[in-house]
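**Student:** Quick one: this structure, given as structure tokens, is what I'll be asking you about.
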Amino acid sequence: MKKSAFIAAVFFLCSQALYADVAVTIYNNNRALVRDTRDVTLKKDTQLLEFDDVASQIDPTSVLPKFLSDASKIKILEQNFDYDLVNRDKLLRKYIGQNIEIERTGEDKRGKLTGKLLSASGGSLVVQSNNGIVLNPQGEVSLDKLPEGLRLKPTLTWLVASDVSGTRKMEVSYQTSGIGWNADYVLVSDENDAQADITGWVTINNYSGATYKDAKLKLIAGDVNMVTPQARNGAMAEKRAMVMEAAAAPSFQEKSFFEYHIYELQRKATIKDNEIKQIEFITASKVPVKKVFTYNGAQNGQKVTVNLDLKNSKENNLGIPLPKGRVRVCKYDGDAMEFIGENMIDHTAKDAKMSLYIGNAFDITGERKQTEYRSESKSAYESFKITLKNSKDTPVEVNVVEKMYRWNNWKIEKNSDAFKQTDSNTAEFLVTVPANGEKEITYTVKYWWK
């Protein structure tokens with residue numbers, strides 16, 4: 001038996017996956033930790049073992065193999081990651097200098113051409129036959145075997161010295177890029193923007209180059225620091241399947257872990273390569289919300305922003321840590337549900353408040369003017385007039401935000417309306433603008449310095 005055939009036979013005998021158990025922990029930053037446990041067959045000798053169907057974007061330096069029994073009697077001598085996968089050009093380059101056979105096509109060139117392959121560049125072949133050198137012959141190329149060094153699938157291989165024989169469980173863990181997750185939320189506001197129904201989906205993007213069948217799935221939310229190695233290959237696929245799964249009962253169980261949060265799926269799931277999978281992980285009904293109008297004239301000109309504010313609390317039918325993600329906000333117009341805006345939220349702890357910027361008000365505008373500025377030796381005075389206009393048939397409450405340019409060293413001395421200092425350089429006026437009317441706010445601020 002030839003050496004190559006012997007090695008292939010050893011690979012087949014030693015790597016049969018009689019048992020397979022996969023666990024995948026996915027992080028927010030397009031990385032995952034995979035733990036793959038399989039049965040392997042050993043003999044008392046030095047031998048080759050292989051794991052195929054691993055991720056093509058694996059970080060080879062992160063691979064950690066472990067035998068779950070008799071580990072002290074099994075020594076791993078070498079470890080390799082083979083990702084030189086079969087394609088037409090690679091096959092032909094491996095056959096340069098060897099004989100190939102081409103089934104000729106065309107009206108005048110039927111039959112077979114046999115000869116030595118001299119070149120295979122860019123799909124064009126140069127073949128030396130008994131009748132001379134043939135340039136770029138057309139036809140189907142036949143090769144007698146798969147050259148050594150090429151793989152059908154990305155494969156981890158080990159050279160192992162074993163003092164035991166029989167079937168053993170081998171666990172291999174590794175990190176891979178090309179797989180990540182994020183949260184997506186849909187918030188449906190009621191007619192009065194007083195309550196909302198919220199649905200949260202976990203969206204998993206897998207283009208790591210592997211399928212994880214019936215995997216135990218965990219998601220880690222948090223800002224985990226990782227040093228990203230330079231990718232070898234594997235750009236994101238242009239087309240991927242979309243799979244949506246809505247689970248009965250709580251599908252994910254959340255728990256704290258280090259300074260992060262883990263969301264563990266309470267069933268196994270298959271994550272296919274080149275697939276976007278969505279799994280429902282939270283639903284909440286009748287969550288109290290408040291529509292808030294804010295005018296920051298120095299920042300937004302005439303625009304009055306609209307936010308929906310809520311609290312992530314148990315009393316509000318929420319109260320679990322929410323991973324960062326996009327919130328799409330919708331509302332029924334009496335006929336159908338319409339999209340009205342979206343915003344991103346960061347990781348949000350339980351009992352924390354959220355303010356979702358939805359857009360700008362159409363019927364409410366503002367104008368901000370400086371009416372006076374005077375400077376003295378160690379102080380300055382600045383006056384403003386803010387005019388709010390409301391074209392609605394109902395009065396509205398608007399929060400007017402004013403930023404002071406000298407932190408701490410300021411004081412409002414004259415003001416038409418009450419205000420609240422919310423931080424070291426911010427004053428906020430909460431005022432009511434009458435229906436189809438206007439509201440003016442005036443104030444003078446004093447700055448000083450040493």
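Here's how to read the names in the structure tokens: chain A, B, ... by the order shown, residue numbers from 1 in each chain, ligand numbers from 1 in the order shown.
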Can you list every residue in region 205-361 of chain A that DSSP puts in helix (DSSP H, G or I), as a PyMOL selection string?

**Tutor:** chain A and resi 297-300+314-316

**Student:** Output the selection as an mmCIF file, in the first residue's frame - C-alpha atoms for each residue.

**Tutor:**
```
data_model
loop_
_atom_site.group_PDB
_atom_site.id
_atom_site.type_symbol
_atom_site.label_atom_id
_atom_site.label_comp_id
_atom_site.auth_asym_id
_atom_site.auth_seq_id
_atom_site.Cartn_x
_atom_site.Cartn_y
_atom_site.Cartn_z
ATOM 1 C CA GLY A 297 -31.750 75.317 20.126
ATOM 2 C CA ALA A 298 -27.975 75.633 20.223
ATOM 3 C CA GLN A 299 -27.645 72.096 18.860
ATOM 4 C CA ASN A 300 -30.732 71.475 16.727
ATOM 5 C CA LYS A 314 -39.972 44.391 36.768
ATOM 6 C CA GLU A 315 -42.901 46.658 37.663
ATOM 7 C CA ASN A 316 -42.984 47.690 34.002
#
```

**Student:** Please provide the set of residues having any atom within 8 Å of Glu171 (chain A), restricted to only C-alpha atoms, with same-chain residues fewer than 5 positions apart removed, written as a VMD selection string.

**Tutor:** chain A and resid 35 to 38 65 to 68

**Student:** Got time to write the residues from that selection, C-alpha atoms, as an mmCIF file, in the first residue's frame?

**Tutor:**
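Output file selection.cif is given in full below:
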```cif
data_model
loop_
_atom_site.group_PDB
_atom_site.id
_atom_site.type_symbol
_atom_site.label_atom_id
_atom_site.label_comp_id
_atom_site.auth_asym_id
_atom_site.auth_seq_id
_atom_site.Cartn_x
_atom_site.Cartn_y
_atom_site.Cartn_z
ATOM 1 C CA ARG A 35 -16.421 23.314 22.034
ATOM 2 C CA ASP A 36 -16.721 20.212 19.873
ATOM 3 C CA THR A 37 -16.687 16.767 21.558
ATOM 4 C CA ARG A 38 -16.440 13.635 19.416
ATOM 5 C CA PRO A 65 -7.545 19.613 22.380
ATOM 6 C CA LYS A 66 -8.355 17.479 25.427
ATOM 7 C CA PHE A 67 -9.066 13.794 25.945
ATOM 8 C CA LEU A 68 -11.789 13.303 28.546
#
```

**Student:** At a cut-off of 7 Å, using only C-alpha atoms, what residues contact Ser162 (chain A)? Leave out same-chain residues fewer than 6 positions from it and give the result as an mmCIF file with C-alpha atoms, in the first residue's frame.

**Tutor:**
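What landed in part03.cif:
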```
data_model
loop_
_atom_site.group_PDB
_atom_site.id
_atom_site.type_symbol
_atom_site.label_atom_id
_atom_site.label_comp_id
_atom_site.auth_asym_id
_atom_site.auth_seq_id
_atom_site.Cartn_x
_atom_site.Cartn_y
_atom_site.Cartn_z
ATOM 1 C CA LYS A 43 -4.601 2.335 18.739
ATOM 2 C CA LYS A 44 -1.442 1.782 20.767
ATOM 3 C CA ASP A 45 0.907 3.563 18.397
ATOM 4 C CA THR A 46 1.750 6.911 16.840
ATOM 5 C CA LYS A 73 -1.689 8.023 28.434
ATOM 6 C CA ILE A 74 -2.230 9.991 25.240
ATOM 7 C CA LYS A 75 0.341 12.531 24.095
#
```

**Student:** Of the candidates A:Ala71, A:Ala336, A:Ile26, A:Ala32, which one gets nearest to Val202 (chain A) if we count only C-alpha atoms?

**Tutor:** A:Ile26

**Student:** Identify, on the basis of only C-alpha atoms, every residue whose closest approach to Ile96 (chain A) does not exceed 6 Å; exclude the query and any residue fewer than 3 positions from it along the same chain; express the result as a compact mmCIF listing (two decimals) with N, CA and C atoms, in the first residue's frame.

**Tutor:**
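Ended up saving to around11.txt:
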```txt
# COMPACT_ATOMS: atom_id res chain seq x y z
N ARG A 93 -2.87 23.00 -10.52
CA ARG A 93 -1.50 23.36 -10.16
C ARG A 93 -0.77 22.19 -9.52
N LEU A 117 0.83 17.99 -18.21
CA LEU A 117 0.39 19.36 -17.97
C LEU A 117 1.63 20.23 -17.69
N LEU A 118 1.86 21.22 -18.56
CA LEU A 118 3.01 22.10 -18.40
C LEU A 118 2.68 23.37 -17.64
```

**Student:** Using Å and a single decimal, report how far CA of Thr41 (chain A) sits from CA of Ser69 (chain A).

**Tutor:**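 One can read the CA of Ser69 (chain A) to CA of Thr41 (chain A) distance as 12.8 Å.
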
**Student:** List as number ranges by chain the protein and nucleic acid residues near Ser124 (chain A), meaning an atom at most 10 Å away when only C-alpha atoms are counted, but skip any in the same chain fewer than 4 places from it.

**Tutor:** A: 89, 119-120, 135-138

**Student:** Return as a PyMOL selection string the full set of residues in region 244-438 of chain A whose backbone-based DSSP assignment is strand (DSSP E).

**Tutor:** chain A and resi 244-245+252-257+260-265+269-271+275-288+290-295+303-311+325-332+337-345+353-375+379-390+396-403+410-415+420-423+426-433+437-438

**Student:** Tell me, in Å to one decimal, how far CA of Lys392 (chain A) is from CA of Thr365 (chain A).

**Tutor:**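 Between CA of Lys392 (chain A) and CA of Thr365 (chain A) the gap is 11.1 Å.
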
**Student:** Can you list, as a PyMOL selection string, every protein, DNA or RNA residue that comes within 8 Å of Ser424 (chain A) when you count only C-alpha atoms, leaving out same-chain residues fewer than 2 positions away?

**Tutor:** chain A and resi 407-408+421-422+426

**Student:** Between A:Glu259, A:Asp82, A:Glu440, A:Glu382, which has the minimum distance to Val398 (chain A) (counting only C-alpha atoms)?

**Tutor:** A:Glu440

**Student:** Which is closest to Trp448 (chain A) among A:Val433, A:Ser375, A:Asp417, A:Gly334, if we use only C-alpha atoms?

**Tutor:** A:Ser375

**Student:** Can you work out which one of A:Met404, A:Ile340, A:Leu430, A:Val304 has the shortest atom-to-atom distance to Asn390 (chain A), counting only C-alpha atoms?

**Tutor:**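 Among the listed residues, A:Val304 lies closest to Asn390 (chain A).
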